[in-house]
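The data block below is target_39.cif; it holds mmCIF, C-alpha atoms.
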data_entry
loop_
_atom_site.group_PDB
_atom_site.id
_atom_site.type_symbol
_atom_site.label_atom_id
_atom_site.label_comp_id
_atom_site.auth_asym_id
_atom_site.auth_seq_id
_atom_site.Cartn_x
_atom_site.Cartn_y
_atom_site.Cartn_z
ATOM 1 C CA MET C 1 -21.016 -32.408 9.605
ATOM 2 C CA THR C 2 -20.373 -36.113 10.042
ATOM 3 C CA MET C 3 -22.901 -38.898 9.672
ATOM 4 C CA SER C 4 -23.429 -39.003 13.425
ATOM 5 C CA GLY C 5 -24.337 -35.327 13.408
ATOM 6 C CA THR C 6 -21.282 -34.163 15.335
ATOM 7 C CA LEU C 7 -19.057 -31.450 14.017
ATOM 8 C CA PRO C 8 -15.667 -32.450 12.641
ATOM 9 C CA PRO C 9 -12.789 -31.637 14.998
ATOM 10 C CA ASP C 10 -11.782 -28.544 13.023
ATOM 11 C CA ASP C 11 -15.148 -26.913 13.505
ATOM 12 C CA ARG C 12 -15.601 -27.659 17.189
ATOM 13 C CA GLY C 13 -15.585 -24.549 19.282
ATOM 14 C CA SER C 14 -15.590 -22.372 16.189
ATOM 15 C CA ASP C 15 -17.755 -19.854 18.055
ATOM 16 C CA ASP C 16 -14.970 -19.320 20.579
ATOM 17 C CA LEU C 17 -12.373 -18.845 17.900
ATOM 18 C CA GLU C 18 -14.677 -16.638 15.855
ATOM 19 C CA THR C 19 -15.311 -14.500 18.931
ATOM 20 C CA ALA C 20 -11.582 -14.068 19.326
ATOM 21 C CA PHE C 21 -11.198 -13.174 15.645
ATOM 22 C CA THR C 22 -13.996 -10.633 15.995
ATOM 23 C CA ALA C 23 -12.224 -9.085 18.978
ATOM 24 C CA LEU C 24 -8.944 -8.960 17.076
ATOM 25 C CA ARG C 25 -10.600 -7.432 14.005
ATOM 26 C CA ALA C 26 -12.105 -4.747 16.230
ATOM 27 C CA ALA C 27 -8.696 -4.084 17.779
ATOM 28 C CA ASP C 28 -7.098 -3.845 14.323
ATOM 29 C CA ALA C 29 -9.803 -1.480 13.107
ATOM 30 C CA GLY C 30 -8.854 0.941 15.851
ATOM 31 C CA ARG C 31 -5.188 0.973 14.822
ATOM 32 C CA ALA C 32 -5.041 3.308 11.861
ATOM 33 C CA PRO C 33 -1.619 4.116 10.407
ATOM 34 C CA ARG C 34 0.130 7.036 12.132
ATOM 35 C CA ALA C 35 -0.542 10.347 10.412
ATOM 36 C CA ALA C 36 3.194 10.998 10.049
ATOM 37 C CA PHE C 37 3.643 7.579 8.468
ATOM 38 C CA VAL C 38 0.873 8.272 5.953
ATOM 39 C CA GLU C 39 2.583 11.532 5.008
ATOM 40 C CA THR C 40 5.853 9.641 4.515
ATOM 41 C CA LEU C 41 4.021 7.260 2.196
ATOM 42 C CA MET C 42 2.548 10.209 0.322
ATOM 43 C CA ALA C 43 5.995 11.748 -0.085
ATOM 44 C CA ASP C 44 7.206 8.409 -1.488
ATOM 45 C CA ALA C 45 4.314 8.421 -3.928
ATOM 46 C CA LEU C 46 5.170 11.911 -5.171
ATOM 47 C CA ALA C 47 8.876 11.138 -5.405
ATOM 48 C CA ALA C 48 8.161 8.013 -7.462
ATOM 49 C CA GLN C 49 5.660 9.754 -9.725
ATOM 50 C CA PRO C 50 6.906 9.712 -13.310
ATOM 51 C CA ARG C 51 8.109 13.105 -14.502
ATOM 52 C CA VAL C 52 7.182 13.985 -18.005
ATOM 53 C CA GLN C 53 10.156 15.153 -20.012
ATOM 54 C CA PRO C 54 10.007 18.655 -21.494
ATOM 55 C CA GLN C 55 8.556 18.726 -24.931
ATOM 56 C CA VAL C 56 9.896 21.317 -27.341
ATOM 57 C CA ARG C 57 8.669 21.577 -30.891
ATOM 58 C CA VAL C 58 8.640 24.075 -33.714
ATOM 59 C CA PRO C 59 5.172 24.505 -35.193
ATOM 60 C CA ALA C 60 4.647 25.408 -38.840
ATOM 61 C CA SER C 61 4.164 29.036 -37.863
ATOM 62 C CA GLY C 62 7.764 29.167 -36.789
ATOM 63 C CA SER C 63 6.907 29.816 -33.163
ATOM 64 C CA ARG C 64 8.149 27.403 -30.599
ATOM 65 C CA ARG C 65 6.254 25.879 -27.746
ATOM 66 C CA ALA C 66 7.817 24.243 -24.752
ATOM 67 C CA TRP C 67 5.990 22.481 -21.983
ATOM 68 C CA LEU C 68 7.118 22.463 -18.426
ATOM 69 C CA ARG C 69 5.389 19.655 -16.684
ATOM 70 C CA TRP C 70 5.484 18.755 -13.069
ATOM 71 C CA PRO C 71 2.750 16.757 -11.411
ATOM 72 C CA GLY C 72 -0.052 18.340 -9.429
ATOM 73 C CA TRP C 73 -0.797 21.824 -8.233
ATOM 74 C CA GLN C 74 2.529 22.226 -6.459
ATOM 75 C CA GLY C 75 4.248 21.357 -9.712
ATOM 76 C CA LEU C 76 2.047 23.789 -11.544
ATOM 77 C CA LEU C 77 3.054 26.596 -9.211
ATOM 78 C CA ALA C 78 6.710 25.659 -9.562
ATOM 79 C CA CYS C 79 6.389 25.633 -13.352
ATOM 80 C CA ALA C 80 4.591 28.963 -13.389
ATOM 81 C CA GLY C 81 7.244 30.441 -11.143
ATOM 82 C CA SER C 82 9.988 29.105 -13.379
ATOM 83 C CA ALA C 83 8.315 30.424 -16.528
ATOM 84 C CA ILE C 84 7.907 33.904 -15.066
ATOM 85 C CA ALA C 85 11.507 33.851 -13.870
ATOM 86 C CA GLY C 86 12.580 32.769 -17.345
ATOM 87 C CA VAL C 87 10.801 35.721 -18.904
ATOM 88 C CA ALA C 88 12.215 38.120 -16.327
ATOM 89 C CA MET C 89 15.733 36.872 -16.956
ATOM 90 C CA GLY C 90 15.298 37.235 -20.703
ATOM 91 C CA TYR C 91 15.602 33.569 -21.460
ATOM 92 C CA LEU C 92 12.029 33.296 -22.647
ATOM 93 C CA ALA C 93 9.961 35.713 -24.632
ATOM 94 C CA PRO C 94 6.608 34.029 -24.520
ATOM 95 C CA VAL C 95 3.766 35.048 -26.712
ATOM 96 C CA SER C 96 1.500 33.292 -24.253
ATOM 97 C CA ILE C 97 1.672 31.251 -21.126
ATOM 98 C CA GLU C 98 -1.036 28.656 -20.565
ATOM 99 C CA ALA C 99 -1.515 26.913 -17.270
ATOM 100 C CA ASP C 100 -3.200 23.608 -16.666
ATOM 101 C CA ALA C 101 -3.354 21.511 -13.510
ATOM 102 C CA ARG C 102 -2.462 18.314 -15.361
ATOM 103 C CA LEU C 103 -0.048 19.621 -17.983
ATOM 104 C CA GLY C 104 1.807 22.305 -16.074
ATOM 105 C CA VAL C 105 2.686 25.434 -17.991
ATOM 106 C CA SER C 106 2.969 25.767 -21.717
ATOM 107 C CA VAL C 107 5.273 28.513 -22.933
ATOM 108 C CA LEU C 108 5.075 29.697 -26.512
ATOM 109 C CA VAL C 109 8.303 31.251 -27.692
ATOM 110 C CA ALA C 110 8.013 33.665 -30.628
ATOM 111 C CA ALA C 111 9.730 32.744 -33.860
ATOM 112 C CA ASP C 112 11.513 36.057 -34.171
ATOM 113 C CA GLN C 113 13.592 35.356 -31.124
ATOM 114 C CA GLY C 114 16.046 33.517 -33.333
ATOM 115 C CA THR C 115 18.001 30.330 -32.787
ATOM 116 C CA GLY C 116 20.053 31.788 -29.974
ATOM 117 C CA ALA C 117 16.922 32.551 -28.019
ATOM 118 C CA PHE C 118 15.637 29.026 -28.535
ATOM 119 C CA THR C 119 18.908 27.577 -27.275
ATOM 120 C CA ALA C 120 18.806 29.850 -24.245
ATOM 121 C CA ALA C 121 15.195 28.867 -23.680
ATOM 122 C CA ASP C 122 16.068 25.178 -23.884
ATOM 123 C CA ASP C 123 18.858 25.632 -21.357
ATOM 124 C CA ALA C 124 16.559 27.560 -19.047
ATOM 125 C CA LEU C 125 13.781 25.001 -19.354
ATOM 126 C CA ALA C 126 16.186 22.165 -18.669
ATOM 127 C CA VAL C 127 17.255 23.875 -15.469
ATOM 128 C CA PHE C 128 13.747 24.740 -14.461
ATOM 129 C CA LEU C 129 12.539 21.221 -15.091
ATOM 130 C CA ASP C 130 15.144 19.703 -12.828
ATOM 131 C CA PRO C 131 14.118 20.384 -9.219
ATOM 132 C CA GLU C 132 17.561 19.347 -7.990
ATOM 133 C CA ALA C 133 19.202 21.957 -10.207
ATOM 134 C CA GLU C 134 17.063 24.683 -8.710
ATOM 135 C CA ARG C 135 18.352 24.116 -5.201
ATOM 136 C CA MET Q 1 -15.387 -12.925 -13.844
ATOM 137 C CA ARG Q 2 -17.990 -11.147 -11.739
ATOM 138 C CA THR Q 3 -19.009 -7.694 -12.884
ATOM 139 C CA SER Q 4 -18.171 -6.101 -9.535
ATOM 140 C CA ASP Q 5 -14.718 -7.667 -9.639
ATOM 141 C CA SER Q 6 -14.256 -6.458 -13.182
ATOM 142 C CA ASP Q 7 -15.416 -2.974 -12.187
ATOM 143 C CA ALA Q 8 -12.985 -2.936 -9.275
ATOM 144 C CA ARG Q 9 -10.095 -3.889 -11.565
ATOM 145 C CA ALA Q 10 -11.056 -1.181 -14.036
ATOM 146 C CA ARG Q 11 -11.269 1.362 -11.220
ATOM 147 C CA ASP Q 12 -7.862 0.302 -9.888
ATOM 148 C CA ALA Q 13 -6.291 0.560 -13.337
ATOM 149 C CA SER Q 14 -7.845 3.968 -13.808
ATOM 150 C CA LEU Q 15 -6.513 5.194 -10.460
ATOM 151 C CA LEU Q 16 -2.998 3.994 -11.240
ATOM 152 C CA ALA Q 17 -3.095 5.533 -14.707
ATOM 153 C CA ALA Q 18 -4.162 8.832 -13.161
ATOM 154 C CA TYR Q 19 -1.330 8.591 -10.641
ATOM 155 C CA ALA Q 20 1.181 7.876 -13.405
ATOM 156 C CA ALA Q 21 -0.127 10.919 -15.294
ATOM 157 C CA GLY Q 22 0.633 13.170 -12.344
ATOM 158 C CA ASP Q 23 -2.594 13.100 -10.357
ATOM 159 C CA THR Q 24 -1.750 13.377 -6.665
ATOM 160 C CA VAL Q 25 -5.391 12.943 -5.641
ATOM 161 C CA ALA Q 26 -5.276 9.432 -7.125
ATOM 162 C CA ALA Q 27 -2.155 8.674 -5.096
ATOM 163 C CA ARG Q 28 -3.908 9.821 -1.927
ATOM 164 C CA ALA Q 29 -6.989 7.727 -2.733
ATOM 165 C CA ILE Q 30 -4.891 4.596 -3.241
ATOM 166 C CA LEU Q 31 -2.954 5.239 -0.041
ATOM 167 C CA THR Q 32 -6.052 5.847 2.055
ATOM 168 C CA GLU Q 33 -7.604 2.610 0.902
ATOM 169 C CA GLN Q 34 -4.606 0.298 0.774
ATOM 170 C CA ALA Q 35 -2.115 1.396 3.436
ATOM 171 C CA PRO Q 36 -4.212 0.345 6.472
ATOM 172 C CA ARG Q 37 -4.816 -3.100 4.962
ATOM 173 C CA ILE Q 38 -1.194 -3.764 4.162
ATOM 174 C CA LEU Q 39 -0.047 -2.440 7.515
ATOM 175 C CA ALA Q 40 -2.548 -4.675 9.320
ATOM 176 C CA LEU Q 41 -1.380 -7.742 7.410
ATOM 177 C CA ALA Q 42 2.273 -6.918 8.078
ATOM 178 C CA ARG Q 43 1.585 -6.409 11.787
ATOM 179 C CA ARG Q 44 -0.040 -9.819 12.057
ATOM 180 C CA MET Q 45 2.585 -11.569 9.979
ATOM 181 C CA LEU Q 46 5.495 -9.989 11.839
ATOM 182 C CA GLY Q 47 4.052 -10.446 15.305
ATOM 183 C CA GLY Q 48 3.234 -6.867 16.137
ATOM 184 C CA GLN Q 49 6.629 -5.367 15.267
ATOM 185 C CA GLU Q 50 5.306 -1.947 14.304
ATOM 186 C CA ALA Q 51 8.495 -0.506 12.821
ATOM 187 C CA GLU Q 52 9.041 -3.557 10.642
ATOM 188 C CA ALA Q 53 5.386 -3.589 9.604
ATOM 189 C CA GLU Q 54 5.676 0.047 8.510
ATOM 190 C CA GLU Q 55 8.835 -0.734 6.541
ATOM 191 C CA VAL Q 56 7.066 -3.563 4.717
ATOM 192 C CA THR Q 57 4.081 -1.322 3.958
ATOM 193 C CA GLN Q 58 6.357 1.409 2.660
ATOM 194 C CA GLU Q 59 8.353 -0.968 0.469
ATOM 195 C CA ALA Q 60 5.220 -2.613 -0.957
ATOM 196 C CA LEU Q 61 3.731 0.769 -1.856
ATOM 197 C CA ILE Q 62 6.954 2.028 -3.433
ATOM 198 C CA ARG Q 63 6.889 -1.061 -5.654
ATOM 199 C CA LEU Q 64 3.297 -0.263 -6.565
ATOM 200 C CA TRP Q 65 4.211 3.291 -7.590
ATOM 201 C CA ARG Q 66 7.025 1.962 -9.742
ATOM 202 C CA ALA Q 67 4.693 -0.545 -11.370
ATOM 203 C CA ALA Q 68 1.964 2.040 -11.990
ATOM 204 C CA PRO Q 69 3.053 3.215 -15.474
ATOM 205 C CA HIS Q 70 3.125 -0.394 -16.689
ATOM 206 C CA TRP Q 71 -0.086 -1.536 -14.970
ATOM 207 C CA ARG Q 72 -2.320 -3.372 -17.395
ATOM 208 C CA ALA Q 73 -6.031 -2.741 -17.063
ATOM 209 C CA GLY Q 74 -7.953 -5.721 -15.736
ATOM 210 C CA GLU Q 75 -4.865 -7.671 -14.757
ATOM 211 C CA ALA Q 76 -5.135 -7.573 -10.990
ATOM 212 C CA LEU Q 77 -6.702 -5.746 -8.117
ATOM 213 C CA ILE Q 78 -4.332 -3.361 -6.398
ATOM 214 C CA SER Q 79 -5.192 -5.033 -3.091
ATOM 215 C CA THR Q 80 -4.348 -8.523 -4.378
ATOM 216 C CA TRP Q 81 -1.084 -7.294 -5.874
ATOM 217 C CA LEU Q 82 -0.096 -5.445 -2.710
ATOM 218 C CA TYR Q 83 -1.022 -8.314 -0.408
ATOM 219 C CA ARG Q 84 1.162 -10.626 -2.475
ATOM 220 C CA VAL Q 85 4.137 -8.257 -2.413
ATOM 221 C CA ALA Q 86 3.708 -7.549 1.307
ATOM 222 C CA ALA Q 87 3.364 -11.258 2.122
ATOM 223 C CA ASN Q 88 6.605 -11.987 0.287
ATOM 224 C CA LEU Q 89 8.384 -9.144 2.058
ATOM 225 C CA CYS Q 90 7.145 -10.456 5.415
ATOM 226 C CA THR Q 91 8.298 -13.966 4.556
ATOM 227 C CA ASP Q 92 11.762 -12.634 3.675
ATOM 228 C CA ARG Q 93 11.970 -10.862 7.001
ATOM 229 C CA LEU Q 94 10.764 -13.864 8.978
ATOM 230 C CA ARG Q 95 13.348 -16.066 7.280
ATOM 231 C CA ARG Q 96 16.100 -13.594 8.046
ATOM 232 C CA ARG Q 97 15.005 -13.536 11.664
ATOM 233 C CA ARG Q 98 15.494 -17.285 11.930
ATOM 234 C CA THR Q 99 19.165 -16.913 11.107
ATOM 235 C CA VAL Q 100 19.685 -14.440 13.947
ATOM 236 C CA PRO Q 101 19.275 -16.192 17.311
ATOM 237 C CA LEU Q 102 17.088 -14.269 19.715
ATOM 238 C CA PRO Q 103 18.710 -13.231 22.969
ATOM 239 C CA GLU Q 104 18.178 -15.570 25.894
ATOM 240 C CA GLY Q 105 14.941 -14.909 27.671
ATOM 241 C CA HIS Q 106 13.514 -13.065 24.660
ATOM 242 C CA ASP Q 107 9.766 -13.114 24.637
ATOM 243 C CA PRO Q 108 7.709 -11.887 21.696
ATOM 244 C CA PRO Q 109 6.059 -8.562 22.459
ATOM 245 C CA ASP Q 110 2.782 -8.937 24.259
ATOM 246 C CA ASP Q 111 0.501 -5.942 24.037
ATOM 247 C CA ARG Q 112 -2.142 -7.372 26.338
ATOM 248 C CA PRO Q 113 -3.480 -4.822 28.760
ATOM 249 C CA GLY Q 114 -2.483 -6.975 31.747
ATOM 250 C CA PRO Q 115 -4.445 -9.016 34.250
ATOM 251 C CA GLN Q 116 -5.769 -6.028 36.136
ATOM 252 C CA ALA Q 117 -7.323 -4.402 33.118
ATOM 253 C CA GLY Q 118 -10.253 -6.768 33.168
ATOM 254 C CA LEU Q 119 -10.957 -6.187 29.505
ATOM 255 C CA GLN Q 120 -11.997 -9.621 28.344
ATOM 256 C CA ARG Q 121 -12.350 -8.571 24.766
ATOM 257 C CA ALA Q 122 -8.870 -7.107 24.622
ATOM 258 C CA ASP Q 123 -7.501 -10.171 26.389
ATOM 259 C CA ARG Q 124 -9.046 -12.441 23.817
ATOM 260 C CA ALA Q 125 -7.680 -10.371 20.966
ATOM 261 C CA ALA Q 126 -4.231 -10.324 22.537
ATOM 262 C CA ALA Q 127 -4.276 -14.067 23.212
ATOM 263 C CA LEU Q 128 -5.222 -14.762 19.611
ATOM 264 C CA ALA Q 129 -2.637 -12.289 18.294
ATOM 265 C CA LYS Q 130 0.040 -14.078 20.290
ATOM 266 C CA ALA Q 131 -1.153 -17.507 19.166
ATOM 267 C CA LEU Q 132 -1.072 -16.382 15.532
ATOM 268 C CA THR Q 133 2.652 -15.660 15.796
ATOM 269 C CA ALA Q 134 3.201 -19.323 16.661
ATOM 270 C CA LEU Q 135 1.641 -20.562 13.414
ATOM 271 C CA PRO Q 136 3.873 -21.521 10.498
ATOM 272 C CA GLU Q 137 4.092 -18.607 8.036
ATOM 273 C CA ARG Q 138 1.829 -19.979 5.333
ATOM 274 C CA GLN Q 139 -0.854 -21.066 7.771
ATOM 275 C CA ARG Q 140 -0.668 -17.661 9.425
ATOM 276 C CA LEU Q 141 -0.974 -15.848 6.116
ATOM 277 C CA ALA Q 142 -3.947 -17.957 4.986
ATOM 278 C CA VAL Q 143 -5.718 -17.498 8.325
ATOM 279 C CA VAL Q 144 -5.003 -13.774 8.635
ATOM 280 C CA LEU Q 145 -6.162 -13.013 5.098
ATOM 281 C CA ARG Q 146 -9.379 -14.981 5.603
ATOM 282 C CA HIS Q 147 -10.351 -14.240 9.180
ATOM 283 C CA LEU Q 148 -8.875 -10.798 9.778
ATOM 284 C CA GLU Q 149 -8.623 -9.233 6.331
ATOM 285 C CA ASP Q 150 -11.853 -10.872 5.185
ATOM 286 C CA ARG Q 151 -10.533 -11.818 1.756
ATOM 287 C CA PRO Q 152 -12.317 -14.547 -0.219
ATOM 288 C CA ASN Q 153 -10.411 -17.793 -0.679
ATOM 289 C CA PRO Q 154 -10.038 -17.470 -4.478
ATOM 290 C CA GLU Q 155 -8.244 -14.148 -3.925
ATOM 291 C CA ILE Q 156 -6.115 -15.667 -1.152
ATOM 292 C CA ALA Q 157 -5.184 -18.445 -3.564
ATOM 293 C CA GLN Q 158 -4.029 -15.773 -6.046
ATOM 294 C CA ILE Q 159 -2.070 -13.924 -3.385
ATOM 295 C CA MET Q 160 -0.334 -17.086 -2.189
ATOM 296 C CA GLY Q 161 0.073 -18.699 -5.585
ATOM 297 C CA LEU Q 162 -1.799 -21.809 -4.439
ATOM 298 C CA SER Q 163 -5.004 -23.642 -5.312
ATOM 299 C CA VAL Q 164 -8.138 -22.803 -3.361
ATOM 300 C CA GLU Q 165 -8.064 -26.320 -1.899
ATOM 301 C CA ALA Q 166 -4.517 -25.828 -0.646
ATOM 302 C CA VAL Q 167 -5.548 -22.536 0.951
ATOM 303 C CA GLU Q 168 -8.509 -24.203 2.677
ATOM 304 C CA SER Q 169 -6.228 -26.927 3.960
ATOM 305 C CA LEU Q 170 -3.796 -24.367 5.381
ATOM 306 C CA GLN Q 171 -6.655 -22.508 7.062
ATOM 307 C CA SER Q 172 -8.079 -25.707 8.513
ATOM 308 C CA ARG Q 173 -4.721 -26.714 9.969
ATOM 309 C CA GLY Q 174 -4.161 -23.171 11.169
ATOM 310 C CA ARG Q 175 -7.466 -22.996 13.010
ATOM 311 C CA ARG Q 176 -6.853 -26.390 14.588
ATOM 312 C CA ARG Q 177 -3.435 -25.264 15.783
ATOM 313 C CA LEU Q 178 -4.861 -22.007 17.118
ATOM 314 C CA ARG Q 179 -7.383 -23.940 19.175
ATOM 315 C CA GLN Q 180 -4.626 -26.087 20.610
ATOM 316 C CA LEU Q 181 -2.594 -23.015 21.456
ATOM 317 C CA LEU Q 182 -5.531 -21.209 22.989
ATOM 318 C CA ASP Q 183 -6.979 -24.202 24.788
ATOM 319 C CA GLY Q 184 -5.417 -23.201 28.052
ATOM 320 C CA ALA Q 185 -6.437 -19.578 27.630
ATOM 321 C CA TRP Q 186 -10.151 -20.073 26.976
ATOM 322 C CA PRO Q 187 -11.226 -20.718 30.591
ATOM 323 C CA HIS Q 188 -9.293 -17.669 31.829
ATOM 324 C CA LEU Q 189 -10.928 -15.556 29.192
ATOM 325 C CA ASN Q 190 -14.389 -16.537 30.390
ATOM 326 C CA TYR Q 191 -15.726 -17.544 27.009
ATOM 327 C CA LYS Q 192 -18.341 -19.682 28.674
ATOM 328 C CA ASP Q 193 -19.944 -16.594 30.212
ATOM 329 C CA ASP Q 194 -20.934 -15.202 26.808
#

Just give me the structure of the file as structure tokens.
Amino acid sequence: MTMSGTLPPDDRGSDDLETAFTALRAADAGRAPRAAFVETLMADALAAQPRVQPQVRVPASGSRRAWLRWPGWQGLLACAGSAIAGVAMGYLAPVSIEADARLGVSVLVAADQGTGAFTAADDALAVFLDPEAER
Amino acid sequence: MRTSDSDARARDASLLAAYAAGDTVAARAILTEQAPRILALARRMLGGQEAEAEEVTQEALIRLWRAAPHWRAGEALISTWLYRVAANLCTDRLRRRRTVPLPEGHDPPDDRPGPQAGLQRADRAAALAKALTALPERQRLAVVLRHLEDRPNPEIAQIMGLSVEAVESLQSRGRRRLRQLLDGAWPHLNYKDD
């Protein structure tokens, strides 16, 4: 406000401009992203999600535990499927299979399977952990 | 720093950490909140070119996903970070456009409903949308973030890498220019009848 009580030039007619902004905001609010576009963005998000590398270790007991980790429930199902396939094909002889939505599937390989079994298990896990290799 | 702002940063960092740890629900939550904002900004900056606006939104979000594992708690709001990336992507595109001459007779797209529609409100929105495309990029960005995206000026200053005073100056010049551009349109849009 100037000394004379008149609005500075920039603020004159601000009601008109504000009305137009309000109208444009309302128009924008009604323009949600296309559903197909949102799904594309979601697919990008999943594709960019960091994949945790398989962890294989030999506990003191001599058994061996390997983790198959893919993100989310879809990953969990894929991991579970891979683990069961691994057992069926004789690659893995798990003492136990544990499933967890965040961690995927944990496969415990018995110590008495011998080194050859561990190597076979590693190869199988490497294949199962690489979605491209499964196709 | 205000507590609410601090809380929002902590929440953002937590969401991104969850995403990086494999949580798809976190990814969906971020998308639902951020995608419409970024798309709206890109639409306004690029003059209603929907395909280009979607490309900018997609690229900005892909960069966010890549940054997620390295996101430091409390550093920035996801929205501020995304606005900045999207604004830069829009600027790149607008600069590239300048080097490609538009075909003769080209007119920027006008999504007004037409004179027969009689929808004053839509006409006003369309007239303003068209006028915004005539603003210089930085004025447009400052005005859109303030008046359409409702961001506070300190955040706009962060997004644009400017001082708050510089942002206010851009907005002031932008509004003045918009009035000049719309001067001829006001009477037809029957503002005086309100």

Might you spell out which residues the PyMOL selection byres ((chain C) within 7 of (chain Q)) would select in the displayed file, as a PyMOL selection string? chain C and resi 10+16+20-21+23-25+28+32-33+41-42+44-45+48-50+71-72+102

Quick one: pull the distance between atom CA of Leu94 of chain Q and atom CA of Glu137 of chain Q, Å, one decimal.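 Going from atom CA of Leu94 of chain Q over to atom CA of Glu137 of chain Q, I get 8.2 Å.
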
Might you spell out which residues the PyMOL selection byres ((chain Q and resi 72-84) around 6) would select in the displayed file, as a list in words?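 For this structure, the PyMOL selection byres ((chain Q and resi 72-84) around 6) captures Arg9, Ala10, Ala13, Trp71, Val85, Ala86, Ala87 and Ile159 of chain Q.
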
Residues of the last selection are to be written out with C-alpha atoms, as a short mmCIF file (atom, residue, chain, number, x, y, z; two decimals), keeping the file's coordinate frame.
data_model
loop_
_atom_site.label_atom_id
_atom_site.label_comp_id
_atom_site.auth_asym_id
_atom_site.auth_seq_id
_atom_site.Cartn_x
_atom_site.Cartn_y
_atom_site.Cartn_z
CA ARG Q 9 -10.10 -3.89 -11.56
CA ALA Q 10 -11.06 -1.18 -14.04
CA ALA Q 13 -6.29 0.56 -13.34
CA TRP Q 71 -0.09 -1.54 -14.97
CA VAL Q 85 4.14 -8.26 -2.41
CA ALA Q 86 3.71 -7.55 1.31
CA ALA Q 87 3.36 -11.26 2.12
CA ILE Q 159 -2.07 -13.92 -3.38
#

Let me know the residues the PyMOL selection byres ((chain Q and resi 91) around 10) catches in the file above, as a PyMOL selection string. chain Q and resi 42+45-46+85-90+92-97+137-138+141

Provide segment 143-154 of chain Q of the preceding structure as a file containing N, CA and C atoms, as a compact mmCIF listing (two decimals), in the first residue's frame.
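Writing the result to decode_2.txt gives the following:
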# COMPACT_ATOMS: atom_id res chain seq x y z
N VAL Q 143 5.85 -18.39 -10.59
CA VAL Q 143 4.40 -18.14 -10.47
C VAL Q 143 3.62 -19.44 -10.32
N VAL Q 144 3.98 -20.42 -11.13
CA VAL Q 144 3.25 -21.71 -11.08
C VAL Q 144 3.43 -22.37 -9.72
N LEU Q 145 4.66 -22.38 -9.22
CA LEU Q 145 4.90 -23.03 -7.92
C LEU Q 145 4.14 -22.32 -6.80
N ARG Q 146 4.05 -20.99 -6.89
CA ARG Q 146 3.38 -20.24 -5.82
C ARG Q 146 1.86 -20.31 -5.95
N HIS Q 147 1.37 -19.99 -7.14
CA HIS Q 147 -0.07 -19.77 -7.29
C HIS Q 147 -0.85 -21.02 -7.71
N LEU Q 148 -0.18 -21.99 -8.29
CA LEU Q 148 -0.89 -23.20 -8.67
C LEU Q 148 -0.50 -24.40 -7.81
N GLU Q 149 0.78 -24.48 -7.47
CA GLU Q 149 1.22 -25.61 -6.64
C GLU Q 149 1.19 -25.26 -5.15
N ASP Q 150 0.96 -23.99 -4.86
CA ASP Q 150 0.78 -23.55 -3.47
C ASP Q 150 2.00 -23.83 -2.60
N ARG Q 151 3.18 -23.68 -3.16
CA ARG Q 151 4.40 -23.88 -2.38
C ARG Q 151 4.80 -22.57 -1.71
N PRO Q 152 5.34 -22.62 -0.51
CA PRO Q 152 5.80 -21.39 0.14
C PRO Q 152 7.07 -20.87 -0.54
N ASN Q 153 7.26 -19.56 -0.46
CA ASN Q 153 8.40 -18.97 -1.17
C ASN Q 153 9.77 -19.49 -0.72
N PRO Q 154 9.98 -19.78 0.58
CA PRO Q 154 11.29 -20.34 0.94
C PRO Q 154 11.56 -21.67 0.23
